[in-house]
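Peer 1: Below is one structure. I have some questions about it.
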Amino acid sequence: MELIIEQIQFILLIIIFVGVLVILILKFGIGLYLKYGNADTDKCPKCKGTMIIAKSRLYVLPIRFDETHKQMPEYYFENAVPIENEEQIPTGNHSCYIHTLQCQSCAFKNVNVVDFLKVRDKEIIKDAQEYPYEVFQDFLEKI
Ligand SMILES: [Zn+2]
């Protein structure tokens, strides 16, 4: 009887371990996918050509930790402050990458906004949205 209980405990431990592993892989995988992979595998909605990241800009946002903001382009126009690299992100502040995606076949453009929180060198993706390029055009071209 005791042996069976020990075996069950052992199996449960393995299940928990595998579960945690899967969650970690998914979390990092999705994060990396959003940051680097998404654009390269995206298909153009017009011609199904390959969309690549033509330009990436990094911005810091004036909200911290678990605070949220309105998911609309105007929020970024009014609040996003351009920075050079991730070293310039104040601890606990949200930041975002605004990627300009461009189709390699027909030059169609799209904008991908990836909102993230950097905590001790780890990036936690808070949100990712796609918008038509025209919406962000003025904002992206003014700087
Ligand atoms: Zn295209």
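Labels for the structure tokens follow display order: chains A, B, ..., residues from 1 in each chain, ligands from 1.
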Using only C-alpha atoms and all ligand atoms, determine which residues fall within 10 Å of ligand 1, then list them as a list of chain:residue names.

Peer 2: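 Using only C-alpha atoms and all ligand atoms, everything at most 10 Å from ligand 1 comes to A:Lys43, A:Cys44, A:Pro45, A:Lys46, A:Cys47, A:Lys48, A:Gly49, A:Thr50, A:Met51, A:Gln102, A:Cys103, A:Gln104, A:Ser105, A:Cys106, A:Ala107, A:Phe108, A:Lys109.
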
Peer 1: Please list as a PyMOL selection string every residue within 7 Å of A:Gln129, counting only C-alpha atoms and excluding residues in the same chain fewer than 6 positions away.

Peer 2: chain A and resi 112-114

Peer 1: Extract the full set of alpha helix (DSSP H) residues from stretch 7-118 of chain A according to DSSP on the backbone, and format it as a PyMOL selection string.

Peer 2: chain A and resi 7-32+38-41+73-79

Peer 1: Restricting the output to N, CA and C atoms, write the selected residues as an mmCIF file, in the first residue's frame.

Peer 2:
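result_24.cif, written as the output of this step:
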data_model
loop_
_atom_site.group_PDB
_atom_site.id
_atom_site.type_symbol
_atom_site.label_atom_id
_atom_site.label_comp_id
_atom_site.auth_asym_id
_atom_site.auth_seq_id
_atom_site.Cartn_x
_atom_site.Cartn_y
_atom_site.Cartn_z
ATOM 1 N N GLN A 7 4.469 5.601 -5.360
ATOM 2 C CA GLN A 7 4.482 5.625 -6.835
ATOM 3 C C GLN A 7 3.567 6.727 -7.355
ATOM 4 N N ILE A 8 2.375 6.845 -6.731
ATOM 5 C CA ILE A 8 1.430 7.886 -7.157
ATOM 6 C C ILE A 8 2.042 9.266 -6.941
ATOM 7 N N GLN A 9 2.689 9.429 -5.780
ATOM 8 C CA GLN A 9 3.337 10.719 -5.499
ATOM 9 C C GLN A 9 4.401 11.022 -6.552
ATOM 10 N N PHE A 10 5.156 9.994 -6.904
ATOM 11 C CA PHE A 10 6.217 10.152 -7.894
ATOM 12 C C PHE A 10 5.640 10.563 -9.246
ATOM 13 N N ILE A 11 4.545 9.875 -9.623
ATOM 14 C CA ILE A 11 3.904 10.185 -10.908
ATOM 15 C C ILE A 11 3.343 11.603 -10.890
ATOM 16 N N LEU A 12 2.698 11.977 -9.779
ATOM 17 C CA LEU A 12 2.150 13.339 -9.655
ATOM 18 C C LEU A 12 3.259 14.378 -9.791
ATOM 19 N N LEU A 13 4.384 14.088 -9.149
ATOM 20 C CA LEU A 13 5.523 14.995 -9.202
ATOM 21 C C LEU A 13 5.983 15.190 -10.647
ATOM 22 N N ILE A 14 6.041 14.088 -11.383
ATOM 23 C CA ILE A 14 6.451 14.158 -12.786
ATOM 24 C C ILE A 14 5.445 14.971 -13.595
ATOM 25 N N ILE A 15 4.151 14.733 -13.338
ATOM 26 C CA ILE A 15 3.113 15.473 -14.072
ATOM 27 C C ILE A 15 3.251 16.972 -13.809
ATOM 28 N N ILE A 16 3.447 17.349 -12.534
ATOM 29 C CA ILE A 16 3.605 18.766 -12.180
ATOM 30 C C ILE A 16 4.837 19.337 -12.867
ATOM 31 N N PHE A 17 5.931 18.584 -12.814
ATOM 32 C CA PHE A 17 7.185 19.032 -13.421
ATOM 33 C C PHE A 17 7.010 19.281 -14.925
ATOM 34 N N VAL A 18 6.390 18.321 -15.600
ATOM 35 C CA VAL A 18 6.171 18.445 -17.046
ATOM 36 C C VAL A 18 5.251 19.618 -17.333
ATOM 37 N N GLY A 19 4.219 19.774 -16.489
ATOM 38 C CA GLY A 19 3.268 20.876 -16.656
ATOM 39 C C GLY A 19 3.963 22.220 -16.576
ATOM 40 N N VAL A 20 4.797 22.379 -15.545
ATOM 41 C CA VAL A 20 5.530 23.641 -15.363
ATOM 42 C C VAL A 20 6.441 23.891 -16.566
ATOM 43 N N LEU A 21 7.084 22.826 -17.023
ATOM 44 C CA LEU A 21 7.987 22.922 -18.173
ATOM 45 C C LEU A 21 7.233 23.396 -19.414
ATOM 46 N N VAL A 22 6.060 22.810 -19.641
ATOM 47 C CA VAL A 22 5.250 23.170 -20.810
ATOM 48 C C VAL A 22 4.822 24.633 -20.723
ATOM 49 N N ILE A 23 4.400 25.054 -19.509
ATOM 50 C CA ILE A 23 3.973 26.442 -19.323
ATOM 51 C C ILE A 23 5.135 27.398 -19.615
ATOM 52 N N LEU A 24 6.322 27.055 -19.101
ATOM 53 C CA LEU A 24 7.499 27.907 -19.331
ATOM 54 C C LEU A 24 7.829 28.004 -20.816
ATOM 55 N N ILE A 25 7.801 26.855 -21.482
ATOM 56 C CA ILE A 25 8.126 26.827 -22.913
ATOM 57 C C ILE A 25 7.118 27.680 -23.687
ATOM 58 N N LEU A 26 5.829 27.528 -23.341
ATOM 59 C CA LEU A 26 4.783 28.285 -24.026
ATOM 60 C C LEU A 26 4.980 29.779 -23.805
ATOM 61 N N LYS A 27 5.257 30.142 -22.543
ATOM 62 C CA LYS A 27 5.392 31.548 -22.192
ATOM 63 C C LYS A 27 6.551 32.194 -22.960
ATOM 64 N N PHE A 28 7.715 31.572 -22.894
ATOM 65 C CA PHE A 28 8.878 32.136 -23.582
ATOM 66 C C PHE A 28 8.720 32.020 -25.084
ATOM 67 N N GLY A 29 8.168 30.920 -25.507
ATOM 68 C CA GLY A 29 7.978 30.683 -26.940
ATOM 69 C C GLY A 29 7.093 31.747 -27.543
ATOM 70 N N ILE A 30 5.968 32.027 -26.871
ATOM 71 C CA ILE A 30 5.033 33.018 -27.398
ATOM 72 C C ILE A 30 5.671 34.400 -27.372
ATOM 73 N N GLY A 31 6.409 34.689 -26.294
ATOM 74 C CA GLY A 31 7.093 35.978 -26.188
ATOM 75 C C GLY A 31 8.060 36.192 -27.331
ATOM 76 N N LEU A 32 8.876 35.194 -27.566
ATOM 77 C CA LEU A 32 9.866 35.298 -28.643
ATOM 78 C C LEU A 32 9.176 35.352 -29.992
ATOM 79 N N ASN A 38 6.793 36.524 -35.316
ATOM 80 C CA ASN A 38 5.488 36.815 -35.887
ATOM 81 C C ASN A 38 5.581 37.428 -37.276
ATOM 82 N N ALA A 39 6.420 38.464 -37.379
ATOM 83 C CA ALA A 39 6.496 39.209 -38.620
ATOM 84 C C ALA A 39 6.994 38.338 -39.767
ATOM 85 N N ASP A 40 7.953 37.488 -39.466
ATOM 86 C CA ASP A 40 8.554 36.705 -40.534
ATOM 87 C C ASP A 40 7.630 35.625 -41.079
ATOM 88 N N THR A 41 6.694 35.196 -40.258
ATOM 89 C CA THR A 41 5.821 34.126 -40.722
ATOM 90 C C THR A 41 4.478 34.677 -41.187
ATOM 91 N N PRO A 73 -4.457 53.284 -30.866
ATOM 92 C CA PRO A 73 -3.288 53.974 -31.414
ATOM 93 C C PRO A 73 -3.053 55.332 -30.754
ATOM 94 N N GLU A 74 -4.129 56.060 -30.426
ATOM 95 C CA GLU A 74 -3.984 57.403 -29.848
ATOM 96 C C GLU A 74 -3.168 57.361 -28.560
ATOM 97 N N TYR A 75 -3.317 56.274 -27.806
ATOM 98 C CA TYR A 75 -2.547 56.175 -26.564
ATOM 99 C C TYR A 75 -1.050 56.277 -26.868
ATOM 100 N N TYR A 76 -0.626 55.568 -27.892
ATOM 101 C CA TYR A 76 0.805 55.553 -28.234
ATOM 102 C C TYR A 76 1.238 56.914 -28.796
ATOM 103 N N PHE A 77 0.376 57.516 -29.621
ATOM 104 C CA PHE A 77 0.726 58.825 -30.202
ATOM 105 C C PHE A 77 1.001 59.830 -29.088
ATOM 106 N N GLU A 78 0.216 59.760 -28.019
ATOM 107 C CA GLU A 78 0.305 60.773 -26.968
ATOM 108 C C GLU A 78 1.333 60.436 -25.896
ATOM 109 N N ASN A 79 1.623 59.138 -25.711
ATOM 110 C CA ASN A 79 2.427 58.759 -24.549
ATOM 111 C C ASN A 79 3.759 58.064 -24.829
#

Peer 1: Any chance you could list, as an MDAnalysis selection string, the residues in stretch 23-140 of chain A that come up strand (DSSP E) when DSSP is run on the backbone?

Peer 2: chainID A and resid 51:64 81:83 93:103 109:119 122:132

Peer 1: Which of these, A:Glu2, A:Asp115, A:Glu134, A:Glu123, has the shortest distance to A:Ile63 once you count only C-alpha atoms?

Peer 2: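 Among A:Glu2, A:Asp115, A:Glu134, A:Glu123, it is A:Asp115 that comes nearest to A:Ile63.
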
Peer 1: Name all residues at most 10 Å from A:Asp66 (count only C-alpha atoms; drop same-chain ones fewer than 4 positions away) and give them as a tab-separated table (two decimals) with C-alpha atoms, in the first residue's frame.

Peer 2:
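The result, written out as selection15.tsv:
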chain	number	residue	atom	x	y	z
A	92	GLY	CA	9.07	48.52	-13.87
A	93	ASN	CA	8.01	50.68	-16.80
A	94	HIS	CA	6.10	49.32	-19.73
A	117	LEU	CA	7.15	44.85	-19.19
A	126	LYS	CA	1.45	42.40	-22.07

Peer 1: Would you mind listing what lies within 12 Å of A:Glu141 as a list in words, with only C-alpha atoms counted and same-chain residues fewer than 3 positions away left out?

Peer 2: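 Neighbouring residues, sequence-local ones excluded: Lys55, Arg57, Phe77, Thr100, Tyr133, Glu134, Val135, Phe136, Gln137 and Asp138 of chain A.
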
Peer 1: Generate a file of the selected residues that holds C-alpha atoms, formatted as a compact mmCIF listing (two decimals), in the first residue's frame.

Peer 2:
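Result file part38.txt:
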# COMPACT_ATOMS: atom_id res chain seq x y z
CA LYS A 55 11.60 48.84 -39.29
CA ARG A 57 11.24 51.26 -32.96
CA PHE A 77 0.73 58.83 -30.20
CA THR A 100 6.59 48.13 -39.40
CA TYR A 133 0.12 51.24 -41.51
CA GLU A 134 -1.82 54.39 -42.42
CA VAL A 135 -2.97 54.75 -38.79
CA PHE A 136 0.63 54.99 -37.54
CA GLN A 137 2.17 56.61 -40.60
CA ASP A 138 2.33 60.20 -39.27

Peer 1: Could you check how far atom CA of A:Ala128 sits from atom CA of A:Ile98, in Å to one decimal?

Peer 2: 9.7 Å

Peer 1: Which residues come within 12 Å of A:Thr91, counting only C-alpha atoms, excluding same-chain residues fewer than 5 positions away, as a list in words?

Peer 2: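 Once the adjacent positions are removed, what remains is Val60, Leu61, Pro62, Ile63, Arg64, Phe65, Glu86, Leu117, Lys118, Val119, Arg120, Asp121, Lys122 and Glu123 of chain A.
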
Peer 1: What is the distance between atom CA of A:Ala80 and atom CA of A:Tyr59, in Å to one decimal?

Peer 2: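 We find that atom CA of A:Ala80 and atom CA of A:Tyr59 lie 5.5 Å from each other.
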
Peer 1: Considering only C-alpha atoms, can you say which of A:Ile124, A:Leu101, A:Leu58, A:Ile4 comes closest to A:Glu84?

Peer 2: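 Of A:Ile124, A:Leu101, A:Leu58, A:Ile4, the one nearest A:Glu84 is A:Leu58, counting only C-alpha atoms.
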
Peer 1: Just the number, please: distance in Å from atom CA of A:Pro82 to atom CA of A:His69, one decimal.

Peer 2: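 Atom-to-atom, atom CA of A:Pro82 and atom CA of A:His69 are spaced 17.7 Å apart.
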